[in-house]
Structures are given as structure tokens and as C-alpha cells.
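Enquirer: Next up is a structure, given as C-alpha cells.
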Amino acid sequence: MGPWFPLTGSSNLTEAAKRSHILRASTKSSFALLPLFALASGCELLQLPTGDEPAVVEQPAAEAEPVATEPQDNHRFELEYAGQSVVGEPQIVRIEGDNTLSDLARAYGLGYDELVAANPDVDPWLPGEGTPVLLPSQYVLPAVERRGIVLNIASKRLFYFPEVEPGEATVVYTFPIGIGRVGWETPTGTTRVIDKARDPNWYVPLSVRREHAEMGNPLPAVVPPGPDNPLGAYVLKLDMPGYLIHGTNQPYGVGMRVSHGCVRLYPENIEFLYPEIDRGEAVAIVNQPYLLGERNGALYFEAHEPLEDDAIDAGTRFEDAVEAFAEEHRIALPDRAKRHMAAVAERSAGAPVEVYAYDVADYLNRATHVVNVVTADPAAPTLEEVRAMMDEVMADNSVPDDQLEAAPANEAEAP
């Protein structure tokens, strides 16, 4: 099976994409282009194509030598209208020097897994100078109330909807997260933030101390605040015993299933989020691998690989997502659209595609080429050290709720 987005091997991305036959897994011929549907004036009914013969839409040829621009703000998005449920734009960046996909993930506000999923044929550790990498920096918002913190464990992303004044545009912030690994799943449901702390101590559970001692890496009974503390510098305590949203001293694990159920963010992301969140803030945790959204009359579909220990099978998840969207918007999605989305779901690349104006080059044609903003850090670990960290972050590193000791109240509430 060829790459999902053929970024290498051709300067003409459109022609290269056409040769890949992305949809051959579910149909004998590629889906032809369908016209965009539009929002009817005065209501929010989505108007779908009705004819059997699709309209032919010319796709503009990609530039042979695209000019790289500054990247978008990958964290903050302002919605143009209430019904908008797609934010951001796809981007493409070229590897410089010894960049790894982990380097790009952190520099562009992405998680490791989502970047690998969007670039299945790129070596994450040795991608190679000049290799174009697709940044899946467009997102369909989860189908849930837009209030407070929303965690979608399937996409491994956090969405934060701060309160705004009447008449102001809705704003959403999004960040990649690390979640619980198999056997230590991050639970779904609704909860709230009941406490917050800065610079916590970590009281190491006896089981973890024994394991590290057996590995020849003994840990003290208490890990004070600092670079060796796996909680990082900030924590938000949920009204779910044993579960926290916190930073990390192992940022390369963000965007992966690495914890014992807690939610981890990059240090710079939790540092931003911490002063924004008050005690009592609403938190919704959902598992939505398949997401449908609308922006400016276009229907988008985003698919992630379902969690391997999901109690609900992928087919049911898919049907539920499609039916819920159709019911909400009072539309009937044609079978052709469902087959198209099913083919995209098979790839589970995490990049939203336009359902009714899509050929295999659509996502690439919409992607903006951006400059590489990875900065060299003389203190950064070597490639071998990063690989060792990735192995270690998969090991037992639990932080039970009763092992957390917060900083003094006056310090914990400081920004």
C-alpha cells in the first residue's frame, strides 16, 4: 500500500497524489470530485449534491517550488461563526539537518503519534535532509458542548474553550496530550478541576521504587520539584480519584499512550493553561476517533486509529459518528459519501478531508508550505538519548492521586 500523502518522489504533488490511488482499497475506481454543498440562507441545513453524475472540478497544479511562509498559530483559533467546527489549515515543512519527527512535533504543537500517522513512510528518527513532512494542523472539533476543557483521547488532543463576553467570537485552544496506556486507560466522562498546584512533590509508590531498583535505577522515596519530577511544574487535579492533567519531564512522550491514566502536556502548554483554569472548571473526556465537521459550507471528515482496547468496535464508532452528525444537521448523507469516508477511515491518518470536493490531492493542494522553526538546543539530548527516553517513558511511571503533595496554597494559585 502506498503512502497516504505522497510527498516525496515528485515535485508535482498533484500528479504524484493521483498516481497513488488512495481510494483503491474500497472502490475499483477513485471517487470523482463532487461539488461543494452550501449552507441554506436563514437555516443551518446542509445542502447535498443530488445528481448521480458528479461535477468535474479542475484542481490547480501545485507549485514546483512553493515559497515557504511563516507557520500558523497552531494553538489558538477564533471561530468565525457559531456552527463552525473545523479550525486550522494543513501545512508542509521540510526537514533541516538532523531534525526528527519528535522535534517537529514539539515545534509545531503536535503529538508524536499524530505526526507519524500523517507521514507513514517517513522515518521518524532519520527522515533525511529536505524531506517534506505533512503537519496535520487542521482539526475537527469534538462533538460535545464547547465549554471548559475537552479531552479527546482518540485524537490525543486537549481543546480548551474559555468563556467569552456576549457578542465576542468563540475561541478554542488546542494542545497534544499523552494518555493512559493499555491496561491503564484514561477514563471518559464529565468531571471538573477540583484543585491545582505548582511545583508538587512526587511521593514515589513502593511498586515503582522496586521496579526502578531492579533496573539499576533506584528512586528516592520523595522526588522534589525540579527536572527529575515526572509531574513537571504544574498539575490540575480532577474530580476523578487518581487522575491529573499535568506537565512532564519527558516531553517526547506527549501525543502517545504512555501514562497510568493521567493526561500529560508539553511543559510550555501546561504553563500556559495553568493560570487560565480555575477550580471548578468543567472537563469532558470523550473517545471520538471519527469526527465530522463543517466550515464555510464544506463537510470535513477526520479519522484516527481507534484505541486498541476500545470496548466499542470501529464500525460502530463510525456509524454512530455519521448518524449523529446527520441528525444534528438534519441531512441524509448519500451512500457515496459514506463509502468515501469509510475509505478515509481505513487510513486513519488524522488529517481532515473534504468529503464533497475531494480527490487524492485535495489535502496537499490545501496545505501551506511553511518555514522550519525547529531551533537547535545545545542542551538537547542526542538521538540515542531520545530513543532511550522513549523506551523509558513507556515503562511504569504512575503517579497515584494520594502520592501528590501540592505546593503551599498561596504559591499554587500563583500564575
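All residue names refer to the C-alpha cells as shown: chains lettered A, B, ... in order, residues numbered from 1 in each chain, ligands numbered from 1 in order.
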Identify, on the basis of only C-alpha atoms, every residue whose closest approach to Gly128 in chain A does not exceed 10 Å; exclude the query and any residue fewer than 5 positions from it along the same chain; express the result as a PyMOL selection string.
Expert: chain A and resi 94-100+122-123
Enquirer: Step one, run DSSP on the backbone; step two, keep only residues of range 118-237 of chain A assigned to alpha helix (DSSP H); then write them as a ChimeraX atom specification.
Expert: /A:118,206-214
Enquirer: Hey, what's within 12 Å of Ile92 in chain A if we count only C-alpha atoms and toss same-chain stuff fewer than 2 positions away? As a PDB file with C-alpha atoms, in the first residue's frame, please?
Expert:
```pdb
ATOM      1  CA  PHE A   5       0.058  11.503   1.086  1.00  0.00           C
ATOM      2  CA  LEU A   7       5.030  13.956  -0.503  1.00  0.00           C
ATOM      3  CA  THR A   8       8.273  12.514  -1.824  1.00  0.00           C
ATOM      4  CA  LEU A  13       2.317  16.905  -5.702  1.00  0.00           C
ATOM      5  CA  PRO A  66       6.499  26.540  -3.320  1.00  0.00           C
ATOM      6  CA  VAL A  67       7.530  29.510  -1.246  1.00  0.00           C
ATOM      7  CA  ALA A  68       7.619  28.740   2.481  1.00  0.00           C
ATOM      8  CA  THR A  69       5.754  31.147   4.743  1.00  0.00           C
ATOM      9  CA  GLU A  70       5.571  31.601   8.490  1.00  0.00           C
ATOM     10  CA  PRO A  71       3.573  28.822  10.184  1.00  0.00           C
ATOM     11  CA  GLN A  72       0.125  29.440  11.621  1.00  0.00           C
ATOM     12  CA  GLU A  89      -5.004  24.556   7.990  1.00  0.00           C
ATOM     13  CA  PRO A  90      -2.708  21.719   6.894  1.00  0.00           C
ATOM     14  CA  ARG A  94      10.947  20.334   5.010  1.00  0.00           C
ATOM     15  CA  ILE A  95      13.464  18.611   7.247  1.00  0.00           C
ATOM     16  CA  LEU A 104       8.872  18.831  14.533  1.00  0.00           C
ATOM     17  CA  TYR A 108       4.558  22.868  15.673  1.00  0.00           C
ATOM     18  CA  LEU A 115       2.659  13.271  13.127  1.00  0.00           C
ATOM     19  CA  ALA A 118       0.188  11.539   8.819  1.00  0.00           C
ATOM     20  CA  ASN A 119       3.631  10.547   7.476  1.00  0.00           C
ATOM     21  CA  GLY A 130      14.957  18.135   2.649  1.00  0.00           C
ATOM     22  CA  THR A 131      12.225  15.547   3.217  1.00  0.00           C
ATOM     23  CA  PRO A 132       8.783  17.209   3.119  1.00  0.00           C
ATOM     24  CA  VAL A 133       6.675  16.398   6.176  1.00  0.00           C
ATOM     25  CA  LEU A 134       2.932  16.915   6.373  1.00  0.00           C
ATOM     26  CA  LEU A 135       1.830  18.736   9.536  1.00  0.00           C
ATOM     27  CA  PRO A 136      -1.737  17.620  10.423  1.00  0.00           C
ATOM     28  CA  SER A 137      -2.533  21.042  11.853  1.00  0.00           C
ATOM     29  CA  GLN A 138      -6.187  21.176  10.897  1.00  0.00           C
ATOM     30  CA  TYR A 363      -5.234  17.813   1.260  1.00  0.00           C
ATOM     31  CA  LEU A 364      -1.901  18.592  -0.368  1.00  0.00           C
ATOM     32  CA  ASN A 365      -3.402  21.333  -2.509  1.00  0.00           C
ATOM     33  CA  ARG A 366      -4.772  22.987   0.625  1.00  0.00           C
ATOM     34  CA  ALA A 367      -1.534  22.647   2.592  1.00  0.00           C
ATOM     35  CA  THR A 368       0.642  25.698   3.095  1.00  0.00           C
ATOM     36  CA  HIS A 369       4.406  25.289   2.858  1.00  0.00           C
ATOM     37  CA  VAL A 370       5.948  26.811   5.971  1.00  0.00           C
ATOM     38  CA  VAL A 371       9.431  27.573   7.193  1.00  0.00           C
ATOM     39  CA  ASN A 372      11.204  25.206   9.545  1.00  0.00           C
TER      40      ASN A 372
END
```
Enquirer: Give me the residues near range 269-282 of chain A as a PDB file with N, CA and C atoms, in the first residue's frame, where near means some atom within 7 Å (using only C-alpha atoms) and where sequence neighbours in that chain fewer than 2 positions away do not count.
Expert:
```pdb
ATOM      1  N   ARG A 147     -17.330  23.935  26.189  1.00  0.00           N
ATOM      2  CA  ARG A 147     -17.230  24.613  27.484  1.00  0.00           C
ATOM      3  C   ARG A 147     -16.065  24.029  28.260  1.00  0.00           C
ATOM      4  N   GLY A 148     -15.198  24.893  28.749  1.00  0.00           N
ATOM      5  CA  GLY A 148     -14.096  24.426  29.569  1.00  0.00           C
ATOM      6  C   GLY A 148     -13.116  23.561  28.799  1.00  0.00           C
ATOM      7  N   ILE A 149     -12.658  22.497  29.450  1.00  0.00           N
ATOM      8  CA  ILE A 149     -11.666  21.592  28.867  1.00  0.00           C
ATOM      9  C   ILE A 149     -12.369  20.394  28.247  1.00  0.00           C
ATOM     10  N   PHE A 175      -4.077  21.520  22.280  1.00  0.00           N
ATOM     11  CA  PHE A 175      -2.729  21.048  22.588  1.00  0.00           C
ATOM     12  C   PHE A 175      -2.704  19.514  22.506  1.00  0.00           C
ATOM     13  N   THR A 191     -16.343  15.700  34.324  1.00  0.00           N
ATOM     14  CA  THR A 191     -15.810  15.941  35.655  1.00  0.00           C
ATOM     15  C   THR A 191     -15.474  17.427  35.758  1.00  0.00           C
ATOM     16  N   ARG A 192     -14.643  17.781  36.726  1.00  0.00           N
ATOM     17  CA  ARG A 192     -14.245  19.179  36.884  1.00  0.00           C
ATOM     18  C   ARG A 192     -12.884  19.226  37.564  1.00  0.00           C
ATOM     19  N   VAL A 193     -12.258  20.376  37.485  1.00  0.00           N
ATOM     20  CA  VAL A 193     -10.997  20.601  38.176  1.00  0.00           C
ATOM     21  C   VAL A 193     -11.320  20.972  39.622  1.00  0.00           C
ATOM     22  N   ILE A 194     -10.793  20.208  40.577  1.00  0.00           N
ATOM     23  CA  ILE A 194     -11.095  20.489  41.982  1.00  0.00           C
ATOM     24  C   ILE A 194      -9.910  21.089  42.729  1.00  0.00           C
ATOM     25  N   ASP A 195      -8.723  21.044  42.130  1.00  0.00           N
ATOM     26  CA  ASP A 195      -7.568  21.656  42.774  1.00  0.00           C
ATOM     27  C   ASP A 195      -6.483  21.848  41.732  1.00  0.00           C
ATOM     28  N   TYR A 234       3.470  21.899  36.898  1.00  0.00           N
ATOM     29  CA  TYR A 234       2.084  22.288  37.144  1.00  0.00           C
ATOM     30  C   TYR A 234       1.170  21.069  37.063  1.00  0.00           C
ATOM     31  N   HIS A 246      -1.285  17.247  33.861  1.00  0.00           N
ATOM     32  CA  HIS A 246      -0.028  17.795  34.370  1.00  0.00           C
ATOM     33  C   HIS A 246       1.009  17.916  33.270  1.00  0.00           C
ATOM     34  N   GLY A 247       2.131  18.503  33.619  1.00  0.00           N
ATOM     35  CA  GLY A 247       3.256  18.601  32.707  1.00  0.00           C
ATOM     36  C   GLY A 247       4.056  17.317  32.717  1.00  0.00           C
ATOM     37  N   LEU A 265       0.930  17.051  29.224  1.00  0.00           N
ATOM     38  CA  LEU A 265       1.124  18.084  28.202  1.00  0.00           C
ATOM     39  C   LEU A 265       2.591  18.485  28.147  1.00  0.00           C
ATOM     40  N   TYR A 266       2.968  19.092  27.020  1.00  0.00           N
ATOM     41  CA  TYR A 266       4.294  19.696  26.952  1.00  0.00           C
ATOM     42  C   TYR A 266       4.420  20.735  28.066  1.00  0.00           C
ATOM     43  N   PRO A 267       5.607  20.905  28.640  1.00  0.00           N
ATOM     44  CA  PRO A 267       5.778  21.876  29.726  1.00  0.00           C
ATOM     45  C   PRO A 267       5.281  23.272  29.374  1.00  0.00           C
ATOM     46  N   ALA A 284     -14.647  17.588  30.059  1.00  0.00           N
ATOM     47  CA  ALA A 284     -15.322  16.482  29.372  1.00  0.00           C
ATOM     48  C   ALA A 284     -14.265  15.628  28.696  1.00  0.00           C
ATOM     49  N   PRO A 415       0.229  32.580  39.114  1.00  0.00           N
ATOM     50  CA  PRO A 415       0.205  32.265  37.682  1.00  0.00           C
ATOM     51  C   PRO A 415       1.504  31.606  37.243  1.00  0.00           C
TER      52      PRO A 415
END
```
Enquirer: Please run DSSP on the backbone and report, as a count of residues only, all residues within range 135-299 of chain A that come out as strand (DSSP E).
Expert: 63
Enquirer: So which residues touch Ala303 in chain A within 8 Å, counting only C-alpha atoms, skipping near sequence neighbours fewer than 5 positions away, as number ranges by chain?
Expert: A: 289-291, 344-345, 347-352
